[in-house]
>>> print(open('target10.txt').read())   # compact mmCIF, C-alpha atoms and all ligand atoms
# COMPACT_ATOMS: atom_id res chain seq x y z
CA MET L 505 118.01 103.34 83.14
CA LEU L 506 121.01 105.61 83.39
CA ILE L 507 120.23 109.27 83.08
CA LYS L 508 123.16 110.75 81.21
CA THR L 509 123.45 114.40 82.03
CA ALA L 510 124.72 116.42 79.10
CA LYS L 511 125.54 119.48 81.14
CA PRO L 512 128.21 119.40 83.84
CA LEU L 513 126.81 118.72 87.27
CA PRO L 514 126.67 121.67 89.62
CA ALA L 515 129.01 121.28 92.59
CA SER L 516 126.05 121.19 94.94
CA GLU L 517 124.81 118.02 93.28
CA ILE L 518 128.18 116.28 93.24
CA THR L 519 128.59 116.77 96.94
CA ASP L 520 124.93 116.18 97.70
CA PRO L 521 124.59 112.74 99.26
CA LEU L 522 120.99 112.61 98.04
CA PHE L 523 122.05 112.67 94.42
CA PHE L 524 121.85 109.41 92.51
CA TYR L 525 122.16 108.86 88.76
CA ASN L 526 119.61 106.13 88.66
CA ARG L 527 116.09 106.53 89.94
CA ARG L 528 115.59 102.89 90.74
CA ARG L 529 118.84 102.77 92.68
CA MET L 530 117.96 106.03 94.37
CA LEU L 531 114.55 104.75 95.31
CA LYS L 532 115.91 101.47 96.58
CA GLY L 533 118.29 103.38 98.80
CA MET L 534 115.43 105.47 100.13
CA LEU L 535 113.24 102.44 100.63
CA ALA L 536 115.94 100.52 102.45
CA THR L 537 116.30 103.44 104.82
CA ALA L 538 112.58 103.58 105.40
CA ALA L 539 112.43 99.82 105.92
CA LEU L 540 115.24 99.86 108.45
CA ALA L 541 113.66 102.55 110.51
CA SER L 542 110.27 100.88 110.44
CA GLY L 543 111.50 97.46 111.43
CA VAL L 544 110.62 95.84 108.11
CA ALA L 545 113.56 93.80 106.80
CA PRO L 546 115.38 95.74 104.08
CA VAL L 547 115.82 94.10 100.71
CA ALA L 548 119.01 92.04 101.16
CA ALA L 549 120.72 93.20 97.99
CA LEU L 550 120.57 96.78 99.20
CA ALA L 551 122.68 96.25 102.28
CA ALA L 552 125.58 98.18 100.79
CA GLU L 553 123.46 101.18 99.73
CA PRO L 554 124.15 104.40 101.54
CA ARG L 555 121.68 105.18 104.28
CA TRP L 556 121.56 108.86 104.70
CA GLN L 557 118.17 109.76 105.95
CA GLY L 558 116.57 109.47 109.30
CA LEU L 559 112.83 108.97 109.60
CA PRO L 560 110.23 110.86 111.51
CA ALA L 561 108.67 108.90 114.33
CA GLY L 562 105.89 107.78 112.00
CA ALA L 563 103.09 108.58 114.39
CA LEU L 564 100.67 108.60 111.47
CA SER L 565 101.20 104.96 110.65
CA ASP L 566 99.69 102.17 112.73
CA LYS L 567 102.55 99.69 113.15
CA THR L 568 100.23 97.25 114.93
CA LEU L 569 98.20 96.61 111.75
CA THR L 570 99.07 93.34 110.06
CA PRO L 571 99.83 93.94 106.38
CA THR L 572 97.91 91.90 103.84
CA PRO L 573 100.23 89.35 102.16
CA ALA L 574 102.07 91.24 99.41
CA ALA L 575 101.19 88.68 96.75
CA LEU L 576 97.49 89.41 97.23
CA VAL L 577 97.96 93.17 97.00
CA LYS L 578 100.03 92.81 93.83
CA ASN L 579 97.71 90.38 92.09
CA TYR L 580 94.28 91.81 92.88
CA THR L 581 94.22 95.34 91.54
CA ASN L 582 91.87 97.87 90.01
CA TYR L 583 93.47 99.53 87.00
CA TYR L 584 90.78 100.25 84.42
CA GLU L 585 93.21 101.75 81.92
CA PHE L 586 94.40 98.18 81.42
CA THR L 587 91.47 95.92 82.23
CA LEU L 588 88.39 95.47 84.37
CA ASN L 589 89.83 92.16 85.52
CA LYS L 590 91.57 92.35 88.91
CA GLU L 591 94.05 89.58 88.09
CA ASP L 592 95.07 90.65 84.59
CA ALA L 593 96.48 94.10 85.40
CA THR L 594 99.50 92.45 87.05
CA GLN L 595 100.73 91.37 83.65
CA LEU L 596 99.24 94.07 81.41
CA ALA L 597 100.55 97.01 83.42
CA GLN L 598 104.15 95.90 82.79
CA ALA L 599 103.80 97.51 79.35
CA LEU L 600 103.70 101.01 80.82
CA PRO L 601 107.11 102.73 80.65
CA THR L 602 107.67 104.45 84.00
CA ASP L 603 111.26 105.64 83.70
CA PRO L 604 111.95 108.39 82.83
CA TRP L 605 108.89 110.10 84.29
CA SER L 606 107.97 113.73 84.64
CA LEU L 607 105.43 115.34 86.90
CA GLU L 608 103.77 118.55 85.80
CA ILE L 609 102.71 120.90 88.55
CA ALA L 610 100.33 123.54 87.28
CA GLY L 611 97.73 126.10 88.22
CA GLU L 612 97.59 128.24 91.32
CA VAL L 613 101.23 127.88 92.45
CA GLU L 614 104.31 130.11 92.63
CA LYS L 615 106.46 127.49 90.90
CA PRO L 616 104.60 125.67 88.16
CA GLY L 617 106.69 123.45 85.92
CA VAL L 618 107.43 120.04 84.52
CA TYR L 619 109.78 118.33 86.93
CA PRO L 620 111.77 115.10 86.43
CA LEU L 621 110.43 112.77 89.11
CA GLU L 622 113.95 112.16 90.44
CA ASP L 623 114.39 115.83 91.20
CA LEU L 624 111.21 115.92 93.25
CA LEU L 625 111.88 112.64 95.07
CA LYS L 626 115.40 113.40 96.15
CA ARG L 627 114.11 116.34 98.14
CA GLN L 628 111.62 114.21 100.05
CA THR L 629 112.13 112.03 103.09
CA MET L 630 110.61 108.61 102.50
CA GLU L 631 108.49 107.08 105.23
CA GLU L 632 106.77 103.78 105.60
CA ARG L 633 103.05 104.20 106.30
CA ILE L 634 101.00 101.13 107.16
CA TYR L 635 97.44 102.06 106.21
CA ARG L 636 94.08 100.40 105.91
CA PHE L 637 92.74 100.67 102.36
CA ARG L 638 89.06 100.30 101.47
CA CYS L 639 87.70 99.95 97.95
CA VAL L 640 84.18 101.27 97.36
CA GLU L 641 83.30 97.76 96.13
CA GLY L 642 83.58 96.41 99.67
CA TRP L 643 87.00 94.77 99.83
CA ALA L 644 89.76 96.01 102.09
CA MET L 645 93.44 95.47 102.77
CA VAL L 646 96.34 96.73 104.85
CA VAL L 647 99.34 98.03 102.90
CA PRO L 648 102.76 99.19 104.07
CA TRP L 649 103.27 102.02 101.60
CA VAL L 650 106.52 103.90 101.16
CA GLY L 651 106.18 107.52 100.25
CA PHE L 652 105.97 111.06 101.58
CA PRO L 653 103.25 113.51 102.50
CA LEU L 654 101.73 115.21 99.45
CA GLY L 655 101.69 118.40 101.51
CA ASN L 656 105.50 118.38 101.69
CA LEU L 657 105.69 118.34 97.90
CA LEU L 658 103.02 121.03 97.54
CA LYS L 659 104.91 123.29 99.94
CA THR L 660 107.97 123.14 97.68
CA VAL L 661 105.96 124.62 94.77
CA GLN L 662 104.21 127.17 97.00
CA PRO L 663 100.44 127.09 96.49
CA LEU L 664 98.81 130.51 96.09
CA SER L 665 96.09 131.57 98.50
CA THR L 666 93.62 131.11 95.61
CA ALA L 667 94.28 127.34 95.48
CA ARG L 668 91.24 125.58 96.95
CA PHE L 669 91.38 122.21 95.21
CA VAL L 670 94.10 119.90 93.91
CA SER L 671 93.55 117.65 90.91
CA PHE L 672 95.59 114.64 89.82
CA THR L 673 95.79 113.17 86.33
CA THR L 674 96.91 109.70 85.25
CA ILE L 675 99.12 109.28 82.20
CA LEU L 676 97.30 108.91 78.86
CA ARG L 677 98.98 106.13 76.85
CA PRO L 678 96.30 104.35 74.81
CA GLU L 679 98.95 102.45 72.83
CA VAL L 680 99.86 100.47 75.97
CA MET L 681 96.66 100.98 77.98
CA PRO L 682 93.93 99.03 76.18
CA GLY L 683 91.17 100.39 78.41
CA GLN L 684 91.93 103.91 77.21
CA ARG L 685 91.06 102.92 73.66
CA THR L 686 87.40 102.71 74.61
CA LYS L 687 85.28 105.35 76.28
CA SER L 688 82.53 102.94 77.23
CA LEU L 689 83.02 103.06 80.98
CA LEU L 690 85.18 106.01 81.98
CA ASP L 691 86.43 109.19 80.38
CA TRP L 692 90.20 109.26 80.03
CA PRO L 693 92.54 110.33 81.39
CA TYR L 694 91.56 109.31 84.91
CA VAL L 695 91.29 112.43 87.07
CA GLU L 696 90.81 112.68 90.81
CA ALA L 697 90.86 115.63 93.18
CA LEU L 698 90.94 116.68 96.80
CA ARG L 699 90.09 119.84 98.65
CA ILE L 700 93.29 121.69 99.51
CA ASP L 701 92.97 120.93 103.24
CA GLU L 702 92.56 117.23 102.46
CA ALA L 703 95.59 117.40 100.19
CA MET L 704 97.68 119.08 102.91
CA HIS L 705 96.58 116.64 105.60
CA PRO L 706 99.61 114.69 106.88
CA LEU L 707 97.87 111.33 106.30
CA THR L 708 97.66 112.03 102.55
CA ILE L 709 100.72 110.61 100.85
CA LEU L 710 102.22 110.10 97.44
CA ALA L 711 103.51 106.54 97.34
CA VAL L 712 106.52 105.35 95.35
CA GLY L 713 106.86 101.97 97.02
CA MET L 714 105.20 99.28 99.09
CA TYR L 715 106.45 96.36 101.17
CA GLY L 716 109.89 97.98 101.28
CA ASP L 717 110.33 97.87 97.53
CA VAL L 718 109.59 99.99 94.48
CA LEU L 719 105.87 100.27 93.68
CA PRO L 720 104.75 97.56 91.20
CA LYS L 721 103.36 98.97 87.97
CA GLN L 722 99.95 97.41 88.55
CA ASN L 723 99.75 99.24 91.87
CA GLY L 724 100.39 102.62 90.27
CA ALA L 725 104.12 103.07 89.64
CA PRO L 726 105.95 105.29 89.59
CA LEU L 727 103.80 107.64 91.68
CA ARG L 728 100.31 107.26 93.13
CA LEU L 729 98.15 109.00 95.65
CA VAL L 730 97.06 107.28 98.88
CA VAL L 731 94.23 108.83 100.92
CA PRO L 732 93.50 106.20 103.57
CA TRP L 733 90.19 107.57 104.88
CA LYS L 734 88.57 107.67 101.42
CA TYR L 735 87.36 104.94 99.08
CA GLY L 736 90.15 103.51 96.95
CA PHE L 737 89.14 105.19 93.70
CA LYS L 738 90.42 108.50 95.07
CA SER L 739 93.92 106.98 95.31
CA ILE L 740 94.84 107.61 91.68
CA LYS L 741 97.73 105.78 90.01
CA ALA L 742 100.55 106.74 87.61
CA ILE L 743 100.19 110.49 88.17
CA ILE L 744 101.68 112.81 85.55
CA LYS L 745 100.02 116.05 86.57
CA ILE L 746 99.05 117.82 89.77
CA GLU L 747 97.07 121.00 89.35
CA LEU L 748 96.05 123.50 91.99
CA LEU L 749 92.67 125.00 91.25
CA ARG L 750 90.26 127.67 92.36
CA ASN L 751 87.22 125.48 91.75
CA ALA L 752 86.40 121.80 92.10
CA PRO L 753 87.27 119.98 88.87
CA VAL L 754 85.25 117.25 87.19
CA THR L 755 86.50 113.87 88.45
CA THR L 756 86.31 110.60 86.54
CA TRP L 757 84.13 108.40 88.75
CA ASN L 758 81.89 111.22 89.83
CA LEU L 759 81.30 112.06 86.17
CA SER L 760 80.55 108.43 85.28
CA ALA L 761 77.96 107.91 88.04
CA PRO L 762 77.43 110.92 90.32
CA ASN L 763 74.82 109.17 92.45
CA GLU L 764 77.23 106.29 93.18
CA TYR L 765 80.62 108.01 93.53
CA GLY L 766 80.66 111.30 95.35
CA PHE L 767 83.43 113.85 95.19
CA TYR L 768 84.33 113.30 98.86
CA ALA L 769 84.12 109.49 98.89
CA ASN L 770 84.91 109.34 102.59
CA VAL L 771 84.53 105.80 103.90
CA ASN L 772 81.19 105.85 105.71
CA PRO L 773 79.32 102.75 106.91
CA THR L 774 76.08 104.73 107.22
CA VAL L 775 75.88 105.99 103.64
CA GLN L 776 75.05 103.10 101.32
CA HIS L 777 76.11 102.71 97.75
CA PRO L 778 72.87 102.59 95.71
CA ARG L 779 73.66 99.02 94.64
CA TRP L 780 75.22 97.55 97.82
CA SER L 781 75.75 98.13 101.51
CA GLN L 782 78.87 99.83 102.82
CA SER L 783 78.33 98.74 106.42
CA SER L 784 80.76 95.81 106.16
CA GLU L 785 83.82 94.79 104.18
CA ARG L 786 85.86 91.73 103.28
CA LEU L 787 89.55 91.75 104.10
CA LEU L 788 91.67 90.40 101.22
CA GLY L 789 92.98 87.01 102.25
CA ASP L 790 90.04 86.16 104.49
CA LYS L 791 88.47 82.78 103.88
CA LEU L 792 85.03 82.73 102.29
CA PHE L 793 83.40 81.76 105.58
CA THR L 794 85.20 84.41 107.64
CA PRO L 795 82.56 86.94 108.68
CA ARG L 796 82.86 90.33 107.02
CA ARG L 797 84.24 93.03 109.29
CA ALA L 798 82.39 96.19 110.14
CA THR L 799 83.34 99.20 108.02
CA GLU L 800 84.80 101.97 110.16
CA MET L 801 83.83 105.62 109.79
CA TYR L 802 86.58 107.37 107.82
CA ASN L 803 88.11 103.89 107.53
CA GLY L 804 89.30 104.21 111.14
CA TYR L 805 91.02 107.58 110.69
CA GLY L 806 88.25 109.70 112.17
CA GLU L 807 90.36 110.97 115.04
CA GLN L 808 92.75 112.52 112.53
CA VAL L 809 90.33 113.71 109.84
CA ALA L 810 86.80 114.20 111.17
CA ALA L 811 87.51 117.88 111.86
CA LEU L 812 87.93 118.47 108.13
CA TYR L 813 84.21 117.80 107.70
CA SER L 814 82.70 119.35 110.80
CA GLY L 815 79.35 120.91 110.05
CA MET L 816 79.00 119.13 106.72
CA ASP L 817 76.01 116.95 105.90
CA LEU L 818 77.78 113.69 105.05
CA ARG L 819 74.65 112.25 103.40
CA ARG L 820 74.67 115.06 100.92
CA PHE L 821 78.46 115.31 100.55
CA TYR L 822 79.18 111.57 100.23
N1 LIG Y 1 94.60 105.52 87.21
C1 LIG Y 1 93.87 104.72 87.97
N2 LIG Y 1 93.96 104.83 89.30
C2 LIG Y 1 93.20 104.03 90.10
C3 LIG Y 1 92.29 103.11 89.54
C4 LIG Y 1 92.24 103.00 88.12
O1 LIG Y 1 91.47 102.19 87.55
N3 LIG Y 1 93.04 103.82 87.39
N4 LIG Y 1 91.49 102.35 90.35
C5 LIG Y 1 91.21 102.91 91.67
C6 LIG Y 1 90.50 101.98 92.54
S1 LIG Y 1 88.86 101.74 92.21
C7 LIG Y 1 91.09 101.39 93.60
S2 LIG Y 1 90.22 100.44 94.68
C8 LIG Y 1 92.55 101.51 93.81
C9 LIG Y 1 93.15 100.14 93.86
O2 LIG Y 1 94.51 100.18 94.17
P1 LIG Y 1 95.32 98.83 94.01
O3 LIG Y 1 94.97 98.26 92.67
O4 LIG Y 1 96.76 99.20 94.14
O5 LIG Y 1 94.85 97.93 95.11
O6 LIG Y 1 93.21 102.24 92.80
C10 LIG Y 1 92.49 103.39 92.35
N5 LIG Y 1 93.31 104.16 91.45
MO MO Y 2 88.00 100.77 94.11
>>> encode(input="target10.txt", output="C-alpha cells")
Amino acid sequence: MLIKTAKPLPASEITDPLFFYNRRRMLKGMLATAALASGVAPVAALAAEPRWQGLPAGALSDKTLTPTPAALVKNYTNYYEFTLNKEDATQLAQALPTDPWSLEIAGEVEKPGVYPLEDLLKRQTMEERIYRFRCVEGWAMVVPWVGFPLGNLLKTVQPLSTARFVSFTTILRPEVMPGQRTKSLLDWPYVEALRIDEAMHPLTILAVGMYGDVLPKQNGAPLRLVVPWKYGFKSIKAIIKIELLRNAPVTTWNLSAPNEYGFYANVNPTVQHPRWSQSSERLLGDKLFTPRRATEMYNGYGEQVAALYSGMDLRRFY
C-alpha cells in the first residue's frame, strides 16, 4: 500500500535514507540487511534494495541453533482470535488487515501517542535473533525472528520512574476474527504484560519478520512480542497498544485459569502444569518416535535472565 502524504515532506525525511514510502518495501529492505549480516540468504528479489544499516554483533542470538523448517512454523500456530485449530489460522489470519497499522503507547511515559508503525520502525535497527520458543502445551521450535529490542522502543517514549509494568494488547476485530465473537474461552482483546525489567531486558524483542521475510499474519503480523525464556502465550501477536503501568494488569490467560497460567510463565521444568508435565517437550518436526527433549530452565536463557528472579519463590510465582 502506498502511503500518500498530503503534507509536504520535511527536508529531514527527504534526505533521510531510512525513509521509505511503503512499509512492506521498507521492511523488506531492513530484513535483507539483517539477513545479510546474519548469514541467512537474503530474499533474491531484494538484491537491489538499499542496504543502509549495520547490525550489532548479535551476541544475544544463538547462531548455532538449527531453525525449525519455516513451513512448520507457519502452519502450526496458536491464534485463538481466529481458531483453536493450529492448522486453520494460516488461512483465516489472512483476513486481518495489517497495513496501515498504528501502535498506541500510553500510560506512564513522557511521550504517549498513537504512532504509525512505519514511523516507529524506521528508527529501529533490525536484527535477526535465532531463539528457542516453548509453548506451555509442551511443543517447542527454533525461530529466526527479525525485530528489535522492545527496550529500544520504550526508551524512545521515555518511561516515567512510576512505570513498573508494561502491558500489550492485541487488535480487536471481531468482524474478521471469529474467535472474538465468542467469550467462551478467553476475554478479548488478548492482553499480556511484563514487569518493566523483563520488558527492558535485551532478549525481549518486538518481531516484524521471521526467516528473513515479513512476519506472516498467522504468526502475529505486523508486530508481535517475543520473550524467549517464557511460555509462548506471553509472546502476544498483532499488538496495537503498549501501556506502561504502575500496577500489574489483568492478563488474558491468567484470568482464564490462574492456577494453570501464571503471570510470570517462565519456562520451568520443575513446576508442572496441573494437567501435564513440563519436564520435557517435543520439537516441531521431530518424528513421533523421537524421544522428547528435556525442558531447560528459563528455556535455556538462565544465564541471561535468572538474575531478574533472584530471591523469588518460583513455585509461587510461576
Ligand atoms: N493475540 C494472540 N497472541 C498469541 C496467541 C493468541 O492466541 N492470540 N497465542 C499465544 C500462544 S499460546 C503461543 S504458543 C504463541 C504461538 O506463536 P506462533 O503461533 O507464532 O507459533 O503465540 C502466542 N500469542
Ligand atoms: Mo502456547
>>> atom_distance(input="target10.txt", atom1="atom CA of Lys590 of chain L", atom2="atom CA of Arg677 of chain L")
19.8 Å
>>> atom_distance(input="target10.txt", atom1="atom CA of Trp643 of chain L", atom2="atom CA of Phe586 of chain L")
20.1 Å
>>> atom_distance(input="target10.txt", atom1="atom CA of Trp649 of chain L", atom2="atom CA of Lys738 of chain L")
15.8 Å
>>> axis_aligned_box(input="target10.txt", around="segment 706-712 of chain L", padding_each_side="3 Å", output="lines of an AutoDock Vina configuration file")
center_x = 102.1
center_y = 110.0
center_z = 101.1
size_x = 14.9
size_y = 15.3
size_z = 17.5
>>> residues_around(input="target10.txt", residues="Asn770 of chain L", least_positions_apart="4", cutoff="8 Å", atoms="only C-alpha atoms", output="PDB file with C-alpha atoms, keeping the file's coordinate frame")
ATOM      1  CA  TRP L 733      90.190 107.570 104.880  1.00  0.00           C
ATOM      2  CA  LYS L 734      88.570 107.670 101.420  1.00  0.00           C
ATOM      3  CA  TYR L 735      87.360 104.940  99.080  1.00  0.00           C
ATOM      4  CA  TYR L 802      86.580 107.370 107.820  1.00  0.00           C
ATOM      5  CA  TYR L 822      79.180 111.570 100.230  1.00  0.00           C
TER       6      TYR L 822
END
>>> closest_atom_pairs(input="target10.txt", of="chain L", to="ligand MO 2 (chain Y)", cutoff="8 Å", atoms="all atoms listed in the file", output="tab-separated table")
residue	atom	partner	partner_atom	distance
L:Asn582	CA	Y:MO2	MO	6.3
L:Arg638	CA	Y:MO2	MO	7.5
L:Cys639	CA	Y:MO2	MO	3.9
L:Val640	CA	Y:MO2	MO	5.0
L:Glu641	CA	Y:MO2	MO	5.9
L:Tyr735	CA	Y:MO2	MO	6.5
L:Gly736	CA	Y:MO2	MO	4.5
L:Phe737	CA	Y:MO2	MO	4.6
>>> residues_around(input="target10.txt", residues="Thr602 of chain L", least_positions_apart="6", cutoff="12 Å", atoms="all atoms listed in the file", output="PDB file with C-alpha atoms, keeping the file's coordinate frame")
ATOM      1  CA  MET L 505     118.010 103.340  83.140  1.00  0.00           C
ATOM      2  CA  ARG L 527     116.090 106.530  89.940  1.00  0.00           C
ATOM      3  CA  ARG L 528     115.590 102.890  90.740  1.00  0.00           C
ATOM      4  CA  PRO L 620     111.770 115.100  86.430  1.00  0.00           C
ATOM      5  CA  LEU L 621     110.430 112.770  89.110  1.00  0.00           C
ATOM      6  CA  GLU L 622     113.950 112.160  90.440  1.00  0.00           C
ATOM      7  CA  ILE L 675      99.120 109.280  82.200  1.00  0.00           C
ATOM      8  CA  ARG L 677      98.980 106.130  76.850  1.00  0.00           C
ATOM      9  CA  VAL L 680      99.860 100.470  75.970  1.00  0.00           C
ATOM     10  CA  VAL L 712     106.520 105.350  95.350  1.00  0.00           C
ATOM     11  CA  VAL L 718     109.590  99.990  94.480  1.00  0.00           C
ATOM     12  CA  LEU L 719     105.870 100.270  93.680  1.00  0.00           C
ATOM     13  CA  PRO L 720     104.750  97.560  91.200  1.00  0.00           C
ATOM     14  CA  LYS L 721     103.360  98.970  87.970  1.00  0.00           C
ATOM     15  CA  GLN L 722      99.950  97.410  88.550  1.00  0.00           C
ATOM     16  CA  GLY L 724     100.390 102.620  90.270  1.00  0.00           C
ATOM     17  CA  ALA L 725     104.120 103.070  89.640  1.00  0.00           C
ATOM     18  CA  PRO L 726     105.950 105.290  89.590  1.00  0.00           C
ATOM     19  CA  LEU L 727     103.800 107.640  91.680  1.00  0.00           C
ATOM     20  CA  LYS L 741      97.730 105.780  90.010  1.00  0.00           C
ATOM     21  CA  ALA L 742     100.550 106.740  87.610  1.00  0.00           C
ATOM     22  CA  ILE L 743     100.190 110.490  88.170  1.00  0.00           C
ATOM     23  CA  ILE L 744     101.680 112.810  85.550  1.00  0.00           C
TER      24      ILE L 744
END
>>> residues_near_point(input="target10.txt", point="(97.0, 104.3, 80.9)", cutoff="10 Å", atoms="all atoms listed in the file", output="list in words")
Tyr583, Tyr584, Glu585, Phe586, Ala597, Ala599, Leu600, Thr674, Ile675, Leu676, Arg677, Pro678, Glu679, Val680, Met681, Pro682, Gly683, Gln684, Arg685, Trp692, Pro693, Tyr694, Lys741 and Ala742 of chain L
>>> closest_residue(input="target10.txt", among="L:Lys626, L:Arg668, L:Lys687, L:Arg728", to="ligand LIG 1 (chain Y)", atoms="all atoms listed in the file")
L:Arg728
>>> closest_residue(input="target10.txt", among="L:Tyr715, L:Phe669, L:Trp757, L:Phe767", to="ligand LIG 1 (chain Y)", atoms="all atoms listed in the file")
L:Trp757
>>> closest_residue(input="target10.txt", among="L:Ala761, L:Ala798, L:Ala574, L:Val647", to="Asp691 of chain L", atoms="all atoms listed in the file")
L:Ala761
>>> closest_residue(input="target10.txt", among="L:Leu625, L:Ala610, L:Leu788, L:Ala752", to="ligand LIG 1 (chain Y)", atoms="all atoms listed in the file")
L:Leu788
>>> closest_residue(input="target10.txt", among="L:Ala703, L:Met816, L:Leu759, L:Val646", to="ligand LIG 1 (chain Y)", atoms="all atoms listed in the file")
L:Val646
>>> residues_near_point(input="target10.txt", point="(74.6, 107.6, 104.3)", cutoff="10 Å", atoms="all atoms listed in the file", output="list in words")
Asn772, Pro773, Thr774, Val775, Gln776, His777, Ser781, Gln782, Ser783, Asp817, Leu818, Arg819, Arg820, Phe821 and Tyr822 of chain L
>>> closest_residue(input="target10.txt", among="L:Asn803, L:Ser665, L:Asn589, L:Asn723", to="ligand LIG 1 (chain Y)", atoms="all atoms listed in the file")
L:Asn723
>>> residues_around(input="target10.txt", residues="Thr755 of chain L", least_positions_apart="3", cutoff="7 Å", atoms="only C-alpha atoms", output="list of chain:residue names")
L:Val695, L:Glu696, L:Ala697, L:Asn758, L:Leu759
>>> residues_around(input="target10.txt", residues="Gln662 of chain L", least_positions_apart="3", cutoff="10 Å", atoms="all atoms listed in the file", output="PDB file with C-alpha atoms, keeping the file's coordinate frame")
ATOM      1  CA  GLU L 612      97.590 128.240  91.320  1.00  0.00           C
ATOM      2  CA  VAL L 613     101.230 127.880  92.450  1.00  0.00           C
ATOM      3  CA  GLU L 614     104.310 130.110  92.630  1.00  0.00           C
ATOM      4  CA  LYS L 615     106.460 127.490  90.900  1.00  0.00           C
ATOM      5  CA  PRO L 616     104.600 125.670  88.160  1.00  0.00           C
ATOM      6  CA  LEU L 657     105.690 118.340  97.900  1.00  0.00           C
ATOM      7  CA  LEU L 658     103.020 121.030  97.540  1.00  0.00           C
ATOM      8  CA  LYS L 659     104.910 123.290  99.940  1.00  0.00           C
ATOM      9  CA  SER L 665      96.090 131.570  98.500  1.00  0.00           C
TER      10      SER L 665
END
>>> build_atoms(input="target10.txt", residues="segment 616-636 of chain L", atoms="N, CA and C atoms", output="tab-separated table (two decimals), in the frame of the given file")
chain	number	residue	atom	x	y	z
L	616	PRO	N	105.07	126.73	89.05
L	616	PRO	CA	104.60	125.67	88.16
L	616	PRO	C	105.77	125.15	87.34
L	617	GLY	N	105.60	123.96	86.77
L	617	GLY	CA	106.69	123.45	85.92
L	617	GLY	C	106.52	121.97	85.67
L	618	VAL	N	107.38	121.48	84.78
L	618	VAL	CA	107.43	120.04	84.52
L	618	VAL	C	108.74	119.56	85.13
L	619	TYR	N	108.61	118.74	86.16
L	619	TYR	CA	109.78	118.33	86.93
L	619	TYR	C	110.11	116.86	86.68
L	620	PRO	N	111.39	116.53	86.43
L	620	PRO	CA	111.77	115.10	86.43
L	620	PRO	C	111.44	114.52	87.81
L	621	LEU	N	110.84	113.34	87.83
L	621	LEU	CA	110.43	112.77	89.11
L	621	LEU	C	111.60	112.65	90.09
L	622	GLU	N	112.77	112.27	89.57
L	622	GLU	CA	113.95	112.16	90.44
L	622	GLU	C	114.19	113.43	91.25
L	623	ASP	N	114.07	114.56	90.54
L	623	ASP	CA	114.39	115.83	91.20
L	623	ASP	C	113.44	116.09	92.36
L	624	LEU	N	112.18	115.70	92.18
L	624	LEU	CA	111.21	115.92	93.25
L	624	LEU	C	111.46	114.93	94.39
L	625	LEU	N	111.75	113.68	94.04
L	625	LEU	CA	111.88	112.64	95.07
L	625	LEU	C	113.11	112.85	95.94
L	626	LYS	N	114.19	113.33	95.34
L	626	LYS	CA	115.40	113.40	96.15
L	626	LYS	C	115.31	114.50	97.22
L	627	ARG	N	114.30	115.32	97.10
L	627	ARG	CA	114.11	116.34	98.14
L	627	ARG	C	113.15	115.89	99.22
L	628	GLN	N	112.60	114.69	99.08
L	628	GLN	CA	111.62	114.21	100.05
L	628	GLN	C	112.23	113.15	100.96
L	629	THR	N	111.73	113.08	102.17
L	629	THR	CA	112.13	112.03	103.09
L	629	THR	C	111.09	110.91	103.01
L	630	MET	N	111.53	109.73	102.64
L	630	MET	CA	110.61	108.61	102.50
L	630	MET	C	110.23	108.05	103.88
L	631	GLU	N	108.98	107.69	104.00
L	631	GLU	CA	108.49	107.08	105.23
L	631	GLU	C	107.71	105.84	104.88
L	632	GLU	N	107.70	104.88	105.78
L	632	GLU	CA	106.77	103.78	105.60
L	632	GLU	C	105.48	104.11	106.36
L	633	ARG	N	104.36	103.96	105.68
L	633	ARG	CA	103.05	104.20	106.30
L	633	ARG	C	102.20	102.95	106.14
L	634	ILE	N	101.87	102.31	107.22
L	634	ILE	CA	101.00	101.13	107.16
L	634	ILE	C	99.57	101.63	107.32
L	635	TYR	N	98.80	101.51	106.24
L	635	TYR	CA	97.44	102.06	106.21
L	635	TYR	C	96.42	100.98	105.87
L	636	ARG	N	95.22	101.14	106.44
L	636	ARG	CA	94.08	100.40	105.91
L	636	ARG	C	93.69	101.03	104.57
